[in-house]
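This is input.txt (compact mmCIF, C-alpha atoms).
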```txt
# COMPACT_ATOMS: atom_id res chain seq x y z
CA MET A 1 -15.43 3.09 44.63
CA LYS A 2 -13.33 5.85 43.05
CA ASP A 3 -14.29 6.84 39.52
CA PHE A 4 -12.23 8.41 36.83
CA ASP A 5 -13.51 10.95 34.32
CA LEU A 6 -11.97 10.18 30.94
CA GLU A 7 -13.53 13.27 29.44
CA SER A 8 -11.44 15.46 31.74
CA LEU A 9 -8.22 14.19 30.12
CA SER A 10 -6.43 16.04 27.37
CA ARG A 11 -6.65 14.45 23.91
CA GLU A 12 -2.96 15.14 23.48
CA MET A 13 -0.69 12.21 22.72
CA PRO A 14 2.39 11.43 24.83
CA TYR A 15 4.37 10.86 21.61
CA ARG A 16 5.88 13.26 19.14
CA MET A 17 5.75 13.26 15.37
CA PRO A 18 9.17 14.11 13.86
CA GLU A 19 9.40 17.54 12.27
CA HIS A 20 8.62 17.68 8.50
CA PHE A 21 7.54 14.04 8.69
CA LEU A 22 4.31 14.55 6.75
CA ASP A 23 5.96 16.68 4.04
CA ASP A 24 8.69 14.07 3.55
CA MET A 25 6.11 11.29 3.51
CA THR A 26 4.04 13.14 0.90
CA GLU A 27 7.06 13.46 -1.41
CA ARG A 28 7.97 9.80 -0.92
CA VAL A 29 4.43 8.62 -1.67
CA VAL A 30 4.10 10.85 -4.74
CA ALA A 31 7.48 9.59 -6.03
CA GLN A 32 6.43 5.97 -5.52
CA ILE A 33 3.12 6.56 -7.25
CA GLY A 34 4.99 8.19 -10.15
CA LYS A 35 7.16 5.05 -10.47
CA GLN A 36 4.12 2.77 -10.38
CA ARG A 37 2.37 4.86 -13.03
CA LYS A 38 5.48 4.66 -15.25
CA HIS A 39 5.63 0.88 -14.88
CA ARG A 40 1.94 0.67 -15.69
CA VAL A 41 2.44 2.69 -18.88
CA GLU A 42 5.42 0.50 -19.86
CA ARG A 43 3.40 -2.65 -19.26
CA ARG A 44 0.59 -1.26 -21.38
CA ILE A 45 3.00 -0.51 -24.24
CA VAL A 46 4.46 -4.04 -24.08
CA ALA A 47 0.93 -5.50 -24.02
CA LEU A 48 -0.01 -3.31 -26.99
CA PHE A 49 3.01 -4.49 -29.00
CA ALA A 50 2.30 -8.11 -28.07
CA SER A 51 -1.32 -7.72 -29.21
CA ALA A 52 -0.21 -6.05 -32.44
CA ALA A 53 2.29 -8.86 -33.08
CA SER A 54 -0.40 -11.49 -32.44
CA VAL A 55 -2.79 -9.76 -34.82
CA ALA A 56 -0.06 -9.54 -37.46
CA ALA A 57 0.78 -13.24 -37.04
CA VAL A 58 -2.87 -14.25 -37.40
CA ALA A 59 -3.27 -11.97 -40.43
CA LEU A 60 -0.19 -13.52 -42.02
CA LEU A 61 -1.53 -17.04 -41.46
CA PHE A 62 -4.85 -15.96 -42.92
CA LEU A 63 -3.21 -14.47 -46.02
CA HIS A 64 -0.73 -17.34 -46.51
CA PRO A 65 -2.36 -20.48 -45.13
CA PHE A 66 0.00 -23.40 -44.46
CA GLY A 67 3.04 -21.24 -45.21
CA GLY A 68 2.38 -21.39 -48.95
CA GLY A 69 3.78 -17.95 -49.44
CA PHE A 70 7.18 -18.60 -47.87
CA ASP A 71 10.27 -19.38 -49.91
CA ILE A 72 11.30 -22.93 -49.07
CA PRO A 73 14.52 -23.99 -50.84
CA ASP A 74 13.86 -26.77 -53.33
CA TYR A 75 15.91 -29.87 -53.82
CA GLU A 76 18.03 -28.32 -56.55
CA SER A 77 19.17 -25.41 -54.43
CA ILE A 78 20.03 -27.80 -51.58
CA SER A 79 22.08 -29.95 -53.94
CA GLN A 80 24.08 -26.86 -54.84
CA CYS A 81 25.61 -26.92 -51.35
CA ALA A 82 29.19 -28.15 -51.23
CA SER A 83 29.54 -31.81 -50.29
CA VAL A 84 31.63 -32.87 -47.26
CA ASP A 85 34.18 -34.46 -49.59
CA GLU A 86 34.68 -31.16 -51.45
CA VAL A 87 35.21 -29.33 -48.17
CA LEU A 88 37.73 -31.92 -46.98
CA GLN A 89 39.62 -31.67 -50.24
CA ASN A 90 40.09 -27.94 -49.76
CA MET A 91 41.38 -28.24 -46.17
CA THR A 92 45.03 -27.68 -45.26
CA ALA A 93 46.99 -30.39 -43.44
CA ASP A 94 46.55 -28.60 -40.09
CA GLU A 95 42.80 -28.21 -40.60
CA LEU A 96 42.52 -31.88 -41.51
CA GLY A 97 44.39 -32.76 -38.31
CA VAL A 98 41.95 -30.75 -36.22
CA TYR A 99 38.96 -32.18 -38.12
CA SER A 100 40.20 -35.72 -37.58
CA MET A 101 40.76 -35.08 -33.88
CA MET A 102 37.24 -33.58 -33.50
CA SER A 103 35.69 -36.47 -35.46
CA ASN A 104 37.35 -39.00 -33.16
CA TYR A 105 36.23 -37.03 -30.10
CA TYR A 106 32.57 -36.86 -31.19
CA GLY A 107 32.66 -40.41 -32.53
CA ASN A 108 31.99 -39.49 -36.22
CA MET B 1 -14.43 21.58 -15.99
CA LYS B 2 -10.76 22.25 -16.62
CA ARG B 3 -10.90 25.62 -14.88
CA GLU B 4 -12.60 24.07 -11.87
CA GLU B 5 -9.87 21.41 -11.61
CA ASP B 6 -7.16 24.03 -11.92
CA SER B 7 -8.60 26.04 -9.10
CA ILE B 8 -8.67 22.92 -6.93
CA VAL B 9 -5.06 22.11 -7.72
CA ASN B 10 -3.94 25.68 -7.07
CA SER B 11 -5.59 25.73 -3.68
CA GLN B 12 -3.94 22.54 -2.48
CA GLY B 13 -2.56 24.30 0.56
CA SER B 14 -6.05 25.01 1.79
CA LEU B 15 -7.96 22.58 3.95
CA SER B 16 -11.23 23.88 2.55
CA VAL B 17 -10.99 21.60 -0.49
CA SER B 18 -14.04 19.37 -0.39
CA ASP B 19 -13.79 15.60 -0.24
CA GLU B 20 -15.88 15.42 -3.43
CA SER B 21 -13.26 17.49 -5.28
CA ILE B 22 -10.43 15.33 -3.94
CA ALA B 23 -12.30 12.16 -4.91
CA ARG B 24 -12.86 13.53 -8.41
CA LEU B 25 -9.15 14.31 -8.79
CA LEU B 26 -8.23 10.90 -7.43
CA CYS B 27 -10.20 9.17 -10.18
CA ASP B 28 -8.58 11.31 -12.86
CA ASP B 29 -5.26 9.79 -13.98
CA ASN B 30 -3.89 13.22 -14.85
CA HIS B 31 -4.51 14.60 -11.36
CA VAL B 32 -3.96 11.62 -9.11
CA GLU B 33 -0.73 13.00 -7.64
CA GLU B 34 -2.43 16.30 -6.76
CA ALA B 35 -5.20 14.30 -5.11
CA VAL B 36 -2.67 12.36 -3.02
CA ARG B 37 -1.02 15.63 -1.96
CA LEU B 38 -4.41 17.02 -0.95
CA ILE B 39 -5.27 13.89 1.02
CA MET B 40 -1.94 14.09 2.83
CA LYS B 41 -2.52 17.76 3.57
CA LYS B 42 -6.05 17.25 4.85
CA TYR B 43 -5.93 13.77 6.39
CA GLY B 44 -2.22 12.94 6.74
CA GLU B 45 -1.99 14.00 10.37
CA PRO B 46 -5.23 12.41 11.66
CA LEU B 47 -4.43 9.21 9.75
CA TYR B 48 -0.91 9.16 11.18
CA TRP B 49 -2.22 9.49 14.75
CA HIS B 50 -4.96 6.94 14.13
CA ILE B 51 -2.34 4.44 12.95
CA ARG B 52 0.12 5.38 15.70
CA ARG B 53 -2.47 4.81 18.40
CA MET B 54 -2.89 1.29 16.99
CA VAL B 55 0.75 0.32 16.36
CA VAL B 56 2.43 2.65 18.93
CA ALA B 57 5.92 2.85 17.37
CA HIS B 58 6.62 5.74 15.02
CA ASP B 59 8.56 3.57 12.53
CA ASP B 60 5.61 1.20 12.23
CA ALA B 61 3.20 4.11 11.86
CA GLU B 62 5.41 5.48 9.10
CA ASP B 63 5.33 2.17 7.18
CA CYS B 64 1.57 1.86 7.64
CA LEU B 65 0.84 5.40 6.52
CA GLN B 66 2.96 4.95 3.41
CA GLU B 67 1.21 1.67 2.57
CA THR B 68 -2.13 3.33 3.24
CA MET B 69 -1.43 6.07 0.72
CA ILE B 70 -0.11 3.61 -1.88
CA ASN B 71 -3.29 1.58 -1.42
CA VAL B 72 -5.36 4.74 -1.80
CA TYR B 73 -3.73 5.14 -5.22
CA LYS B 74 -3.94 1.45 -6.16
CA TYR B 75 -7.55 0.93 -5.17
CA ARG B 76 -8.92 4.38 -5.97
CA SER B 77 -11.34 2.90 -8.48
CA THR B 78 -13.05 1.01 -5.62
CA TYR B 79 -13.96 4.22 -3.80
CA SER B 80 -17.68 4.81 -3.79
CA ASN B 81 -19.31 8.18 -3.22
CA GLU B 82 -21.84 6.44 -0.98
CA TYR B 83 -19.39 6.82 1.91
CA PRO B 84 -17.40 9.85 2.97
CA LEU B 85 -13.82 9.91 1.68
CA SER B 86 -12.54 10.12 5.25
CA SER B 87 -14.26 6.84 6.20
CA TRP B 88 -12.66 5.11 3.22
CA LEU B 89 -9.23 6.48 4.16
CA TYR B 90 -9.63 5.46 7.81
CA LYS B 91 -10.73 2.01 6.72
CA ILE B 92 -7.59 1.51 4.63
CA ALA B 93 -5.41 2.88 7.45
CA THR B 94 -7.11 0.59 9.98
CA ASN B 95 -6.61 -2.44 7.74
CA GLU B 96 -2.95 -1.58 7.25
CA SER B 97 -2.46 -1.21 11.00
CA LEU B 98 -4.13 -4.57 11.66
CA LYS B 99 -2.06 -6.17 8.89
CA LEU B 100 1.16 -4.93 10.48
CA LEU B 101 0.09 -6.16 13.92
CA LYS B 102 -0.93 -9.51 12.45
CA ASN B 103 2.51 -9.88 10.82
CA ARG B 104 4.07 -8.98 14.15
CA SER B 105 2.06 -11.57 16.05
CA GLY B 106 2.94 -14.44 13.70
CA TYR B 107 0.89 -17.52 12.91
CA ASN B 108 0.41 -18.82 16.44
CA LEU B 109 -0.84 -15.65 18.09
CA SER B 110 -3.64 -13.21 17.37
CA VAL B 111 -3.37 -9.42 17.21
CA ASP B 112 -4.96 -9.30 20.67
CA ASP B 113 -2.02 -11.20 22.14
CA LEU B 114 0.28 -8.27 21.40
CA GLY B 115 -1.14 -6.15 24.23
CA ASP B 116 1.79 -6.49 26.62
CA SER B 117 4.48 -5.75 24.04
CA LEU B 118 2.48 -2.76 22.75
CA LYS B 119 2.07 -1.54 26.32
CA ASP B 120 5.84 -1.74 26.84
CA SER B 121 6.39 0.26 23.64
CA VAL B 122 4.18 3.07 24.94
CA ARG B 123 6.68 4.09 27.60
CA GLU B 124 9.63 3.65 25.21
CA GLU B 125 7.98 5.85 22.59
CA ALA B 126 6.66 8.53 24.98
CA SER B 127 8.47 11.84 24.96
CA PRO B 128 10.46 12.58 28.16
CA ASP B 129 8.15 15.41 29.20
CA ALA B 130 4.92 13.49 28.57
CA ASP B 131 2.19 13.58 31.21
CA GLU B 132 2.09 10.37 33.26
CA THR B 133 -1.69 10.05 33.04
CA LEU B 134 -1.53 10.30 29.25
CA ILE B 135 1.06 7.51 29.23
CA LEU B 136 -1.18 5.39 31.45
CA LEU B 137 -4.09 6.07 29.12
CA GLN B 138 -2.07 4.86 26.13
CA GLU B 139 -0.92 1.79 28.04
CA ALA B 140 -4.52 0.96 28.89
CA ILE B 141 -5.51 1.42 25.23
CA ALA B 142 -2.60 -0.79 24.11
CA LEU B 143 -3.92 -3.62 26.29
CA LEU B 144 -7.40 -3.52 24.75
CA PRO B 145 -8.49 -6.11 22.18
CA ALA B 146 -8.06 -4.70 18.66
CA LYS B 147 -11.76 -4.14 18.02
CA GLN B 148 -12.31 -2.24 21.28
CA LYS B 149 -9.15 -0.26 20.64
CA MET B 150 -10.30 0.82 17.17
CA VAL B 151 -13.75 1.82 18.37
CA PHE B 152 -12.44 3.69 21.40
CA ASN B 153 -9.79 5.60 19.42
CA LEU B 154 -12.15 6.56 16.62
CA ARG B 155 -14.78 7.81 19.06
CA TYR B 156 -12.58 9.37 21.74
CA TYR B 157 -9.80 10.91 19.66
CA ASP B 158 -11.32 11.33 16.20
CA ASP B 159 -14.82 12.27 17.37
CA LYS B 160 -16.37 9.86 14.89
CA SER B 161 -20.04 9.05 15.16
CA TYR B 162 -21.06 5.41 15.53
CA GLU B 163 -22.38 5.55 11.97
CA GLU B 164 -18.96 6.62 10.71
CA ILE B 165 -17.23 3.98 12.84
CA HIS B 166 -19.62 1.43 11.34
CA GLN B 167 -18.45 2.50 7.87
CA ILE B 168 -14.82 2.01 8.93
CA VAL B 169 -14.97 -1.07 11.14
CA GLY B 170 -18.04 -2.75 9.69
CA ASP B 171 -19.81 -3.92 12.88
CA SER B 172 -23.34 -2.93 13.79
CA VAL B 173 -23.86 0.27 15.78
CA ASN B 174 -25.03 -1.70 18.84
CA THR B 175 -21.92 -3.88 18.79
CA LEU B 176 -19.76 -0.77 18.47
CA LYS B 177 -21.50 0.85 21.44
CA THR B 178 -20.88 -2.27 23.51
CA ASN B 179 -17.23 -2.31 22.46
CA TYR B 180 -16.84 1.34 23.43
CA HIS B 181 -18.50 0.78 26.79
CA TYR B 182 -16.17 -2.15 27.63
CA ALA B 183 -13.14 -0.19 26.44
CA VAL B 184 -13.97 2.80 28.65
CA GLN B 185 -14.48 0.56 31.67
CA LYS B 186 -11.18 -1.28 31.17
CA ILE B 187 -9.29 1.99 30.66
CA LYS B 188 -10.76 3.53 33.79
CA ASP B 189 -9.90 0.43 35.83
CA TYR B 190 -6.33 0.41 34.52
CA ILE B 191 -5.73 4.09 35.24
CA LEU B 192 -7.24 3.88 38.72
CA GLU B 193 -5.13 0.83 39.48
CA HIS B 194 -1.85 2.32 38.25
CA GLN B 195 -2.24 5.99 39.09
CA LEU B 196 0.00 7.20 41.91
```
Please render this file's structure as structure tokens.
Amino acid sequence: MKDFDLESLSREMPYRMPEHFLDDMTERVVAQIGKQRKHRVERRIVALFASAASVAAVALLFLHPFGGGFDIPDYESISQCASVDEVLQNMTADELGVYSMMSNYYGN
Amino acid sequence: MKREEDSIVNSQGSLSVSDESIARLLCDDNHVEEAVRLIMKKYGEPLYWHIRRMVVAHDDAEDCLQETMINVYKYRSTYSNEYPLSSWLYKIATNESLKLLKNRSGYNLSVDDLGDSLKDSVREEASPDADETLILLQEAIALLPAKQKMVFNLRYYDDKSYEEIHQIVGDSVNTLKTNYHYAVQKIKDYILEHQL
């Protein structure tokens, strides 16, 4: 039987690699890596701000448990708000027309 | 330390940069792009041909090489000095090639079922003045099962030792030797059968 000596063959490939292919590829890869690094830095900054905000929120809760330190309007200040009747009294005829139409529409 | 790194970066055009130096740069966030340039300079061409021998078409080889280099960046922290840098790079390139072939074959077929379509691509991709025997050789390689193809290519074209191929492919040296032996026999048979 005939034999064939593989070692006698050239290691050359029957294909071609386009000119400047590797240089172009290098630039593309480096550019893509640069983008990924930038995104990573941005994500780190966002994570840092989120952590800082969480720490601040916990610290605030610790310093003012149950919201004791916040200004909640008391009954008196609420009662200072104008009543609906007062508002209606100050409306023009046109505004009253619109108000009445809207009230009918929303069923109030 | 800084001066040493500078000298490495300045000599990026030279192929004499050691793999240890490249690996050190790769793990340093401030020099990772230089490391990638050095890898492309030193291993870009062999990696391209390794991938191309697996996937045949230039466009596919281009996609695989780009993914390989992005993965080199992404997974650089997993590189261990226990193995040569080149073995790690070839391993990533091999995995990318197999991934592309797997995607091409779909769910119902295996990578090994792509032999005929890869063989057809060989002639389409060959340059007009290519030697007929070299085309036949590539056709024979295209028809091999993926494992035999990898082992044959790494040994025949890249002159890798079985130990290095073991680091890339993962099988035992004896299994690799068997794969190479079968590959050579099938290639010889194919060429003898098809040679004018």
Go through chain B residue by residue and, counting all atoms listed in the file, keep those with an atom at most 9 Å from chain A; for each kept residue give the shortest atom pair and its distance in Å to one decimal, ordered by chain and increasing number, as a tab-separated table.
```
residue	atom	partner	partner_atom	distance
B:Val32	CA	A:Ile33	CA	8.9
B:Glu33	CA	A:Val30	CA	6.0
B:Glu34	CA	A:Val30	CA	8.7
B:Val36	CA	A:Val30	CA	7.1
B:Arg37	CA	A:Thr26	CA	6.3
B:Met40	CA	A:Thr26	CA	6.4
B:Lys41	CA	A:Leu22	CA	8.2
B:Gly44	CA	A:Leu22	CA	6.7
B:Glu45	CA	A:Leu22	CA	7.3
B:Tyr48	CA	A:Leu22	CA	8.7
B:Trp49	CA	A:Met13	CA	8.6
B:Arg53	CA	A:Met13	CA	8.8
B:Val56	CA	A:Tyr15	CA	8.9
B:His58	CA	A:Met17	CA	7.6
B:Glu62	CA	A:Met25	CA	8.1
B:Leu65	CA	A:Met25	CA	8.5
B:Gln66	CA	A:Val29	CA	6.4
B:Glu67	CA	A:Val29	CA	8.8
B:Met69	CA	A:Val29	CA	6.8
B:Ile70	CA	A:Val29	CA	6.8
B:Tyr73	CA	A:Ile33	CA	7.3
B:Lys74	CA	A:Ile33	CA	8.8
B:Val122	CA	A:Tyr15	CA	8.5
B:Arg123	CA	A:Pro14	CA	8.9
B:Glu125	CA	A:Tyr15	CA	6.3
B:Ala126	CA	A:Tyr15	CA	4.7
B:Ser127	CA	A:Tyr15	CA	5.4
B:Pro128	CA	A:Pro14	CA	8.8
B:Asp129	CA	A:Pro14	CA	8.3
B:Ala130	CA	A:Pro14	CA	5.0
B:Asp131	CA	A:Pro14	CA	6.7
B:Glu132	CA	A:Pro14	CA	8.5
B:Thr133	CA	A:Leu9	CA	8.3
B:Leu134	CA	A:Pro14	CA	6.0
B:Ile135	CA	A:Pro14	CA	6.0
B:Gln138	CA	A:Pro14	CA	8.0
B:Tyr156	CA	A:Arg11	CA	8.1
B:Tyr157	CA	A:Arg11	CA	6.4
B:Val184	CA	A:Leu6	CA	8.0
B:Ile187	CA	A:Leu6	CA	8.6
B:Lys188	CA	A:Phe4	CA	5.9
B:Asp189	CA	A:Phe4	CA	8.4
B:Ile191	CA	A:Phe4	CA	8.0
B:Leu192	CA	A:Phe4	CA	7.0
```
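Taking all atoms listed in the file into account, Val87 in chain A lies nearest to A:Tyr99 out of the set A:Ala47, A:Tyr99, A:Ser54, A:Arg40.
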message: For a test of reading the model, state the distance in Å between CA of Lys42 in chain B and CA of Lys160 in chain B, rounded to one decimal.
response: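 Going from CA of Lys42 in chain B over to CA of Lys160 in chain B covers 16.2 Å.
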- prompt: Which residues, written as a PyMOL selection string, have at least one atom at most 10 Å from Leu114 in chain B, with all atoms listed in the file counted and residues fewer than 3 positions away on the same chain left out?
  reply: chain B and resi 55+101-102+104-105+109-111+117-119+142-146
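Across the model, the gap from CA of Ser80 in chain B to CA of Asp159 in chain B is 22.6 Å.
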query: Hey, can you check how far CA of Ile92 in chain B sits from CA of Val41 in chain A?
result: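 Value for the CA of Ile92 in chain B-CA of Val41 in chain A distance: 25.6 Å.
If only C-alpha atoms are the atoms counted, then among B:Asn81, B:Asn179, B:Ser161, B:Gln148 the closest residue to Ser21 in chain B is B:Asn81.
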